[in-house]
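Here's final-v4.cif, which has mmCIF, C-alpha atoms:
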```cif
data_query
loop_
_atom_site.group_PDB
_atom_site.id
_atom_site.type_symbol
_atom_site.label_atom_id
_atom_site.label_comp_id
_atom_site.auth_asym_id
_atom_site.auth_seq_id
_atom_site.Cartn_x
_atom_site.Cartn_y
_atom_site.Cartn_z
ATOM 1 C CA MET A 929 143.724 96.979 104.037
ATOM 2 C CA SER A 930 144.928 100.520 103.559
ATOM 3 C CA GLY A 931 144.796 102.877 106.508
ATOM 4 C CA GLY A 932 141.576 104.755 107.167
ATOM 5 C CA ALA A 933 139.373 102.309 105.256
ATOM 6 C CA ARG A 934 137.253 101.499 108.284
ATOM 7 C CA ALA A 935 135.400 104.104 110.259
ATOM 8 C CA PRO A 936 136.944 104.502 113.719
ATOM 9 C CA GLY A 937 135.105 102.364 116.241
ATOM 10 C CA ASP A 938 132.572 101.070 113.662
ATOM 11 C CA GLY A 939 133.749 97.451 113.422
ATOM 12 C CA GLY A 940 131.883 96.530 110.208
ATOM 13 C CA GLU A 941 131.550 99.907 108.498
ATOM 14 C CA TRP A 942 133.668 101.939 106.079
ATOM 15 C CA THR A 943 133.955 105.607 105.273
ATOM 16 C CA PRO A 944 133.161 106.627 101.667
ATOM 17 C CA GLY A 945 136.882 107.046 100.969
ATOM 18 C CA GLY A 946 137.709 103.670 102.454
ATOM 19 C CA ALA A 947 134.904 101.967 100.554
ATOM 20 C CA ALA A 948 136.060 103.553 97.302
ATOM 21 C CA ARG A 949 139.606 102.233 97.833
ATOM 22 C CA LEU A 950 138.324 98.743 98.569
ATOM 23 C CA LEU A 951 136.211 98.749 95.412
ATOM 24 C CA GLY A 952 138.801 100.388 93.164
ATOM 25 C CA VAL A 953 136.544 103.271 92.165
ATOM 26 C CA SER A 954 136.566 106.968 92.930
ATOM 27 C CA PRO A 955 134.522 108.527 95.748
ATOM 28 C CA SER A 956 132.728 110.627 93.132
ATOM 29 C CA THR A 957 131.565 107.423 91.425
ATOM 30 C CA LEU A 958 130.116 106.193 94.704
ATOM 31 C CA ARG A 959 128.316 109.511 95.184
ATOM 32 C CA THR A 960 126.886 109.274 91.668
ATOM 33 C CA TRP A 961 125.662 105.716 92.223
ATOM 34 C CA ASP A 962 124.052 106.796 95.464
ATOM 35 C CA HIS A 963 122.301 109.894 94.089
ATOM 36 C CA ARG A 964 121.191 108.383 90.782
ATOM 37 C CA TYR A 965 120.410 104.796 91.693
ATOM 38 C CA GLY A 966 120.016 104.634 95.462
ATOM 39 C CA LEU A 967 123.108 102.428 95.969
ATOM 40 C CA GLY A 968 124.354 104.392 98.934
ATOM 41 C CA PRO A 969 125.371 103.542 102.471
ATOM 42 C CA ALA A 970 122.693 102.522 104.896
ATOM 43 C CA ALA A 971 124.479 103.286 108.174
ATOM 44 C CA ARG A 972 125.373 106.547 109.886
ATOM 45 C CA GLY A 973 128.180 107.112 112.338
ATOM 46 C CA ALA A 974 128.715 109.815 114.911
ATOM 47 C CA GLY A 975 127.733 113.218 113.599
ATOM 48 C CA LYS A 976 125.510 111.512 110.988
ATOM 49 C CA HIS A 977 128.429 110.706 108.712
ATOM 50 C CA ARG A 978 127.373 107.972 106.332
ATOM 51 C CA ARG A 979 129.113 104.591 106.559
ATOM 52 C CA TYR A 980 129.184 101.652 104.155
ATOM 53 C CA THR A 981 128.288 98.265 105.641
ATOM 54 C CA GLU A 982 129.235 94.781 104.447
ATOM 55 C CA ASP A 983 125.865 94.531 102.676
ATOM 56 C CA ASP A 984 126.461 97.884 100.969
ATOM 57 C CA LEU A 985 129.870 96.695 99.754
ATOM 58 C CA ARG A 986 128.420 93.427 98.493
ATOM 59 C CA ARG A 987 125.926 95.303 96.329
ATOM 60 C CA LEU A 988 128.574 97.703 95.117
ATOM 61 C CA ARG A 989 130.977 94.888 94.202
ATOM 62 C CA ARG A 990 128.235 93.510 91.997
ATOM 63 C CA MET A 991 127.745 96.959 90.487
ATOM 64 C CA VAL A 992 131.465 97.192 89.752
ATOM 65 C CA ALA A 993 131.484 93.705 88.196
ATOM 66 C CA LEU A 994 128.500 94.428 85.966
ATOM 67 C CA THR A 995 129.775 97.767 84.714
ATOM 68 C CA ALA A 996 133.202 96.213 84.068
ATOM 69 C CA ARG A 997 131.441 93.750 81.753
ATOM 70 C CA GLY A 998 129.962 96.608 79.764
ATOM 71 C CA VAL A 999 126.503 96.793 81.388
ATOM 72 C CA ALA A 1000 125.230 100.382 81.446
ATOM 73 C CA PRO A 1001 125.236 101.823 84.985
ATOM 74 C CA ALA A 1002 121.447 102.318 85.065
ATOM 75 C CA ALA A 1003 120.814 98.746 83.934
ATOM 76 C CA ALA A 1004 123.451 97.410 86.315
ATOM 77 C CA ALA A 1005 121.904 99.275 89.244
ATOM 78 C CA ALA A 1006 118.476 97.878 88.392
ATOM 79 C CA ARG A 1007 119.887 94.340 88.456
ATOM 80 C CA VAL A 1008 121.668 94.936 91.747
ATOM 81 C CA LEU A 1009 118.553 96.344 93.400
ATOM 82 C CA ASP A 1010 116.416 93.512 92.047
ATOM 83 C CA ASP A 1011 118.780 90.682 92.969
ATOM 84 C CA ASP A 1012 121.194 90.976 95.889
ATOM 85 C CA GLU A 1013 122.328 87.390 95.532
ATOM 86 C CA GLY A 1014 124.559 87.812 92.481
ATOM 87 C CA ASP A 1015 124.171 86.734 88.878
ATOM 88 C CA GLY A 1016 121.095 84.670 88.185
ATOM 89 C CA PRO A 1017 118.850 83.762 85.280
ATOM 90 C CA PRO A 1018 117.177 86.585 83.356
ATOM 91 C CA GLU A 1019 114.095 87.886 85.090
ATOM 92 C CA VAL A 1020 110.854 86.397 83.765
ATOM 93 C CA ALA A 1021 107.710 88.136 84.950
ATOM 94 C CA PRO A 1022 104.645 85.959 85.603
ATOM 95 C CA ALA A 1023 102.011 86.156 82.893
ATOM 96 C CA GLY A 1024 100.012 89.352 83.198
ATOM 97 C CA ARG A 1025 102.424 90.836 85.727
ATOM 98 C CA PRO A 1026 104.962 93.658 85.365
ATOM 99 C CA PRO A 1027 108.671 92.824 85.853
ATOM 100 C CA ARG A 1028 110.349 93.899 89.086
ATOM 101 C CA SER A 1029 112.567 96.250 87.092
ATOM 102 C CA VAL A 1030 109.549 98.538 86.654
ATOM 103 C CA ARG A 1031 109.284 98.950 90.417
ATOM 104 C CA THR A 1032 113.010 99.640 90.551
ATOM 105 C CA GLY A 1033 112.636 102.282 87.852
ATOM 106 C CA LEU A 1034 109.853 103.984 89.770
ATOM 107 C CA VAL A 1035 111.950 104.023 92.950
ATOM 108 C CA ARG A 1036 114.935 105.474 91.083
ATOM 109 C CA ALA A 1037 112.760 108.194 89.552
ATOM 110 C CA ALA A 1038 111.433 109.073 93.011
ATOM 111 C CA ARG A 1039 114.962 109.279 94.397
ATOM 112 C CA ARG A 1040 115.779 111.782 91.650
ATOM 113 C CA LEU A 1041 112.656 113.695 92.753
ATOM 114 C CA ASP A 1042 111.401 113.197 89.185
ATOM 115 C CA GLU A 1043 107.656 113.225 89.753
ATOM 116 C CA PRO A 1044 106.744 113.358 86.021
ATOM 117 C CA SER A 1045 108.647 110.116 85.434
ATOM 118 C CA VAL A 1046 106.955 108.466 88.419
ATOM 119 C CA ALA A 1047 103.570 109.506 87.019
ATOM 120 C CA GLU A 1048 104.536 108.315 83.542
ATOM 121 C CA ILE A 1049 105.579 104.898 84.829
ATOM 122 C CA GLY A 1050 102.404 104.680 86.898
ATOM 123 C CA THR A 1051 100.153 105.646 84.003
ATOM 124 C CA LYS A 1052 101.817 103.088 81.744
ATOM 125 C CA MET A 1053 101.434 100.309 84.318
ATOM 126 C CA ILE A 1054 97.752 101.092 84.810
ATOM 127 C CA ALA A 1055 97.148 101.119 81.058
ATOM 128 C CA GLU A 1056 98.946 97.790 80.567
ATOM 129 C CA TYR A 1057 97.919 95.848 83.668
ATOM 130 C CA GLY A 1058 95.079 97.690 85.385
ATOM 131 C CA VAL A 1059 94.992 99.479 88.723
ATOM 132 C CA GLU A 1060 94.880 96.379 90.910
ATOM 133 C CA VAL A 1061 97.999 94.737 89.452
ATOM 134 C CA ALA A 1062 99.857 98.054 89.216
ATOM 135 C CA TRP A 1063 99.134 98.727 92.889
ATOM 136 C CA GLN A 1064 99.988 95.246 94.134
ATOM 137 C CA ASP A 1065 103.120 94.645 92.060
ATOM 138 C CA VAL A 1066 104.587 98.142 91.590
ATOM 139 C CA PHE A 1067 103.120 100.990 93.621
ATOM 140 C CA ALA A 1068 102.687 99.414 97.065
ATOM 141 C CA PRO A 1069 106.063 97.574 97.051
ATOM 142 C CA ALA A 1070 107.850 100.728 95.890
ATOM 143 C CA LEU A 1071 106.276 102.824 98.651
ATOM 144 C CA THR A 1072 107.126 100.142 101.203
ATOM 145 C CA ALA A 1073 110.757 100.102 100.054
ATOM 146 C CA LEU A 1074 110.993 103.881 100.325
ATOM 147 C CA GLY A 1075 109.406 103.803 103.766
ATOM 148 C CA ASP A 1076 111.900 101.164 104.911
ATOM 149 C CA ARG A 1077 114.736 103.352 103.643
ATOM 150 C CA ILE A 1078 113.476 106.242 105.756
ATOM 151 C CA THR A 1079 113.402 103.979 108.809
ATOM 152 C CA VAL A 1080 116.970 102.788 108.246
ATOM 153 C CA GLN A 1081 118.625 106.020 107.125
ATOM 154 C CA GLY A 1082 116.498 108.633 108.858
ATOM 155 C CA ASN A 1083 115.895 110.650 105.697
ATOM 156 C CA GLY A 1084 114.071 110.439 102.393
ATOM 157 C CA VAL A 1085 110.639 111.779 103.294
ATOM 158 C CA ASP A 1086 110.875 114.067 100.254
ATOM 159 C CA VAL A 1087 111.470 111.025 98.049
ATOM 160 C CA GLU A 1088 108.471 109.194 99.493
ATOM 161 C CA HIS A 1089 106.267 112.236 98.949
ATOM 162 C CA ILE A 1090 107.377 112.541 95.313
ATOM 163 C CA ALA A 1091 106.571 108.861 94.768
ATOM 164 C CA SER A 1092 103.136 109.269 96.358
ATOM 165 C CA SER A 1093 102.411 112.401 94.342
ATOM 166 C CA GLY A 1094 103.402 110.785 91.035
ATOM 167 C CA ILE A 1095 101.361 107.664 91.778
ATOM 168 C CA LEU A 1096 98.402 109.856 92.734
ATOM 169 C CA ARG A 1097 98.612 111.621 89.368
ATOM 170 C CA ALA A 1098 98.506 108.276 87.586
ATOM 171 C CA LEU A 1099 95.545 107.028 89.624
ATOM 172 C CA ARG A 1100 93.551 110.217 89.101
ATOM 173 C CA ALA A 1101 94.065 109.951 85.348
ATOM 174 C CA VAL A 1102 91.761 106.918 85.276
ATOM 175 C CA PRO A 1103 88.437 108.234 83.876
ATOM 176 C CA HIS A 1104 85.515 108.280 86.274
ATOM 177 C CA PRO A 1105 82.394 106.417 85.145
ATOM 178 C CA GLU A 1106 79.201 108.218 84.267
ATOM 179 C CA GLU A 1107 76.917 108.238 87.280
ATOM 180 C CA SER A 1108 73.305 107.124 87.186
ATOM 181 C CA GLY A 1109 71.181 106.274 90.176
ATOM 182 C CA GLY A 1110 73.394 107.710 92.897
ATOM 183 C CA VAL A 1111 76.794 106.966 94.404
ATOM 184 C CA SER A 1112 77.756 103.331 94.810
ATOM 185 C CA ALA A 1113 80.680 103.740 97.214
ATOM 186 C CA LEU A 1114 81.709 106.451 99.656
ATOM 187 C CA LEU A 1115 85.386 106.227 100.604
ATOM 188 C CA ALA A 1116 86.837 107.981 103.651
ATOM 189 C CA CYS A 1117 89.827 107.950 105.954
ATOM 190 C CA VAL A 1118 89.002 107.740 109.637
ATOM 191 C CA PRO A 1119 89.601 110.809 111.837
ATOM 192 C CA GLU A 1120 93.324 111.708 112.049
ATOM 193 C CA GLU A 1121 94.272 109.188 109.311
ATOM 194 C CA GLN A 1122 96.467 111.029 106.803
ATOM 195 C CA HIS A 1123 97.346 108.163 104.427
ATOM 196 C CA SER A 1124 94.638 108.424 101.786
ATOM 197 C CA LEU A 1125 96.512 106.972 98.788
ATOM 198 C CA PRO A 1126 95.146 103.414 99.261
ATOM 199 C CA LEU A 1127 91.622 104.792 98.936
ATOM 200 C CA GLU A 1128 92.656 106.679 95.808
ATOM 201 C CA ALA A 1129 93.752 103.313 94.418
ATOM 202 C CA LEU A 1130 90.425 101.759 95.385
ATOM 203 C CA GLY A 1131 88.556 104.580 93.688
ATOM 204 C CA ALA A 1132 90.562 104.207 90.477
ATOM 205 C CA ALA A 1133 90.031 100.441 90.534
ATOM 206 C CA LEU A 1134 86.284 100.972 90.986
ATOM 207 C CA SER A 1135 86.307 103.348 88.012
ATOM 208 C CA GLU A 1136 87.774 100.549 85.917
ATOM 209 C CA GLN A 1137 84.748 98.482 86.977
ATOM 210 C CA ASP A 1138 82.365 101.294 85.960
ATOM 211 C CA CYS A 1139 81.372 101.739 89.599
ATOM 212 C CA SER A 1140 80.642 105.253 90.894
ATOM 213 C CA TRP A 1141 82.315 106.536 94.038
ATOM 214 C CA ARG A 1142 83.203 109.583 96.135
ATOM 215 C CA HIS A 1143 86.365 110.041 98.193
ATOM 216 C CA LEU A 1144 86.177 112.356 101.206
ATOM 217 C CA GLY A 1145 89.964 112.332 101.667
ATOM 218 C CA ALA A 1146 92.179 112.231 104.734
ATOM 219 C CA ARG A 1147 91.241 112.933 108.382
ATOM 220 C CA VAL A 1148 87.466 112.926 107.941
ATOM 221 C CA PRO A 1149 85.731 114.035 111.180
ATOM 222 C CA ARG A 1150 83.019 111.771 112.564
ATOM 223 C CA ALA A 1151 80.276 114.324 112.004
ATOM 224 C CA ALA A 1152 81.394 115.041 108.444
ATOM 225 C CA LEU A 1153 81.353 111.349 107.557
ATOM 226 C CA LEU A 1154 77.873 110.849 109.018
ATOM 227 C CA ASP A 1155 76.568 113.978 107.266
ATOM 228 C CA ALA A 1156 78.006 112.895 103.914
ATOM 229 C CA THR A 1157 76.508 109.439 104.287
ATOM 230 C CA ALA A 1158 73.097 110.897 105.088
ATOM 231 C CA LEU A 1159 73.293 113.227 102.077
ATOM 232 C CA LEU A 1160 74.615 110.811 99.453
ATOM 233 C CA HIS A 1161 73.003 107.544 100.604
ATOM 234 C CA PRO A 1162 75.851 105.436 99.174
ATOM 235 C CA VAL A 1163 75.290 101.718 98.776
ATOM 236 C CA VAL A 1164 78.488 101.047 100.744
ATOM 237 C CA VAL A 1165 80.871 103.093 102.898
ATOM 238 C CA VAL A 1166 84.529 102.049 102.999
ATOM 239 C CA LEU A 1167 86.702 103.358 105.858
ATOM 240 C CA TRP A 1168 90.516 103.242 105.837
ATOM 241 C CA ALA A 1169 92.865 103.120 108.853
ATOM 242 C CA HIS A 1170 96.446 101.888 108.933
ATOM 243 C CA GLU A 1171 96.823 101.933 112.738
ATOM 244 C CA ARG A 1172 94.604 100.548 115.490
ATOM 245 C CA ASN A 1173 94.549 103.751 117.546
ATOM 246 C CA LEU A 1174 93.186 105.597 114.497
ATOM 247 C CA ALA A 1175 90.624 102.922 113.627
ATOM 248 C CA ARG A 1176 89.155 103.257 117.132
ATOM 249 C CA LEU A 1177 88.138 106.849 116.273
ATOM 250 C CA ALA A 1178 85.822 105.811 113.439
ATOM 251 C CA PRO A 1179 82.033 105.984 113.965
ATOM 252 C CA VAL A 1180 81.458 102.452 112.664
ATOM 253 C CA GLU A 1181 78.631 101.649 115.066
ATOM 254 C CA ASP A 1182 76.911 104.964 114.278
ATOM 255 C CA LEU A 1183 77.084 104.224 110.559
ATOM 256 C CA VAL A 1184 75.626 100.770 111.032
ATOM 257 C CA ARG A 1185 72.864 102.040 113.334
ATOM 258 C CA CYS A 1186 71.913 105.286 111.601
ATOM 259 C CA SER A 1187 72.258 104.573 107.874
ATOM 260 C CA ASP A 1188 71.080 102.051 105.321
ATOM 261 C CA SER A 1189 74.549 101.846 103.776
ATOM 262 C CA ALA A 1190 76.648 98.721 104.050
ATOM 263 C CA VAL A 1191 79.958 99.313 105.820
ATOM 264 C CA ALA A 1192 83.393 97.872 105.091
ATOM 265 C CA VAL A 1193 86.735 98.643 106.724
ATOM 266 C CA ALA A 1194 90.172 98.349 105.145
ATOM 267 C CA GLY A 1195 93.741 98.704 106.358
ATOM 268 C CA ALA A 1196 95.875 97.073 109.040
ATOM 269 C CA GLY A 1197 94.313 99.154 111.807
ATOM 270 C CA TRP A 1198 91.209 96.992 111.955
ATOM 271 C CA SER A 1199 92.892 93.591 112.211
ATOM 272 C CA SER A 1200 92.304 93.022 115.932
ATOM 273 C CA LEU A 1201 89.232 95.173 116.575
ATOM 274 C CA ASP A 1202 85.752 93.876 117.306
ATOM 275 C CA LEU A 1203 83.234 95.281 114.834
ATOM 276 C CA PRO A 1204 79.460 95.097 114.496
ATOM 277 C CA PRO A 1205 78.086 92.067 112.625
ATOM 278 C CA GLY A 1206 77.974 92.436 108.873
ATOM 279 C CA VAL A 1207 80.873 94.906 108.557
ATOM 280 C CA GLY A 1208 83.140 93.784 105.717
ATOM 281 C CA ARG A 1209 86.897 93.404 106.201
ATOM 282 C CA PRO A 1210 88.655 93.263 102.800
ATOM 283 C CA THR A 1211 92.350 92.469 103.127
ATOM 284 C CA SER A 1212 93.662 93.623 99.739
ATOM 285 C CA LEU A 1213 92.784 96.057 96.968
ATOM 286 C CA ALA A 1214 91.285 93.284 94.836
ATOM 287 C CA ASP A 1215 89.300 92.053 97.841
ATOM 288 C CA ALA A 1216 87.998 95.580 98.486
ATOM 289 C CA VAL A 1217 86.869 95.908 94.864
ATOM 290 C CA ASP A 1218 85.102 92.536 95.073
ATOM 291 C CA THR A 1219 83.453 93.572 98.349
ATOM 292 C CA VAL A 1220 82.052 96.770 96.854
ATOM 293 C CA LEU A 1221 80.908 95.050 93.655
ATOM 294 C CA ALA A 1222 79.165 92.325 95.641
ATOM 295 C CA VAL A 1223 77.251 94.873 97.738
ATOM 296 C CA VAL A 1224 76.175 96.966 94.735
ATOM 297 C CA GLY A 1225 75.312 93.858 92.718
ATOM 298 C CA ARG A 1226 77.759 94.331 89.867
ATOM 299 C CA ALA A 1227 79.673 91.635 88.045
ATOM 300 C CA ARG A 1228 83.417 92.151 87.743
ATOM 301 C CA ARG A 1229 84.508 93.340 84.315
ATOM 302 C CA THR A 1230 87.429 91.518 82.732
ATOM 303 C CA ARG A 1231 90.282 93.383 81.063
ATOM 304 C CA ARG A 1232 90.553 93.083 77.308
#
```
Kindly present the structure from the file in structure tokens form.
Amino acid sequence: MSGGARAPGDGGEWTPGGAARLLGVSPSTLRTWDHRYGLGPAARGAGKHRRYTEDDLRRLRRMVALTARGVAPAAAAARVLDDDEGDGPPEVAPAGRPPRSVRTGLVRAARRLDEPSVAEIGTKMIAEYGVEVAWQDVFAPALTALGDRITVQGNGVDVEHIASSGILRALRAVPHPEESGGVSALLACVPEEQHSLPLEALGAALSEQDCSWRHLGARVPRAALLDATALLHPVVVVLWAHERNLARLAPVEDLVRCSDSAVAVAGAGWSSLDLPPGVGRPTSLADAVDTVLAVVGRARRTRR
């Protein structure tokens, strides 16, 4: 190994220059692969200098091998991100499901801060597969991957926000149904809950089922939620919380006691909380849609 390949004191990590020498590529190529495709180093050394780990080098060796065989860099990066185990059979998506490469493309667009491309991918997935499949197979996994990257590397919040914004644009492009006879579902985040995108997905999925809804947004105060419920008289109220300490702030008992609306709660925050009898606990987007449809007495519409 040539001198300086490893970072001083970082037993399994390499500097960008050292990694480039090991791989037989230029440091500028590594920077390009990082910025364009997200194939960068996961570790940071003293002073926040980025270091390449053994796992990083394994992915990059595959990238080098694929491009040497004539695979375009973008396509090679997609294969590396989809399959860290090396060459395998061509990807075959399950019937009615988008291929994993779509999720990879959305993540790459977000890393370029290319919100229009994120929205375009999202809109296409919704048109082809519907909101529920697009959320389960593309949007939610992509957001999880970006969140994990922030945890590991300590940066990338801007990328996650671009992804969320582009996905939001795609969800809000789903036409709302014509309303007759009042609001079927009132959707709201609990007090101090800022993650409202899952409820946006639920609303869009309900629109596909011709089910009317209102979304009060993030951080809905207790009084505001109770006032809105009293004014709109929705058939069902759905509350979202992703953490237990936030779920505890929701006026679930007040809703059950003071309104005629059915109540359902969604998100990981409710998993270990005791709730009044009859409160629904959907565990997925599809389950939440089925819960609302069951309460309002609608049959699920099938995609054509």
Hey, which bits of range 1093-1187 of chain A sit within 9 Å of range 1211-1217 of chain A, and for each residue what's the closest pair of atoms and how far apart in Å (one decimal), counting only C-alpha atoms, rows by chain and increasing number, as a Markdown table?
```
| residue | atom | partner | partner_atom | distance |
| --- | --- | --- | --- | --- |
| A:Pro1126 | CA | A:Leu1213 | CA | 8.1 |
| A:Ala1129 | CA | A:Leu1213 | CA | 7.8 |
| A:Leu1130 | CA | A:Leu1213 | CA | 6.4 |
| A:Gly1131 | CA | A:Val1217 | CA | 8.9 |
| A:Ala1133 | CA | A:Val1217 | CA | 7.0 |
| A:Leu1134 | CA | A:Val1217 | CA | 6.4 |
| A:Gln1137 | CA | A:Val1217 | CA | 8.6 |
| A:Val1166 | CA | A:Ala1216 | CA | 8.6 |
```
Point-to-point distance from CA of Ala1038 in chain A to CA of Asp983 in chain A, Å rounded to tenths: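 Interatomic distance, CA of Ala1038 in chain A to CA of Asp983 in chain A: 22.7 Å.
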Contact residues around range 1177-1194 of chain A with all atoms listed in the file at 10 Å, ignoring same-chain residues under 2 positions, as a ChimeraX atom specification: /A:1112-1121,1126-1127,1148-1151,1153-1154,1157-1158,1160-1170,1172-1175,1196-1199,1203-1213,1215-1216,1219-1220,1223-1224
Interatomic distance (Å, one decimal) between CA of Trp961 in chain A and CA of Thr1072 in chain A: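 Computing the Euclidean distance for CA of Trp961 in chain A and CA of Thr1072 in chain A yields 21.3 Å.
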Non-local contacts of Asp984 in chain A (12 Å; all atoms listed in the file; under 5 positions in same chain excluded) as a list in words: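 Neighbouring residues, sequence-local ones excluded: Gly940, Glu941, Trp942, Thr943, Pro944, Ala947, Ala948, Leu951, Leu958, Trp961, Asp962, Gly966, Leu967, Gly968, Pro969, Ala970, Ala971, Arg978, Arg979, Arg989, Arg990, Met991, Val1008, Leu1009 and Asp1012 of chain A.
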Pairwise distance for CA of Leu1071 in chain A and CA of Gly1145 in chain A, rounded to one decimal in Å: 19.1 Å
Target residues per the PyMOL selection byres ((chain A and resi 1047) around 9), formatted as an MDAnalysis selection string: chainID A and resid 1034 1042:1046 1048:1052 1091 1093:1099
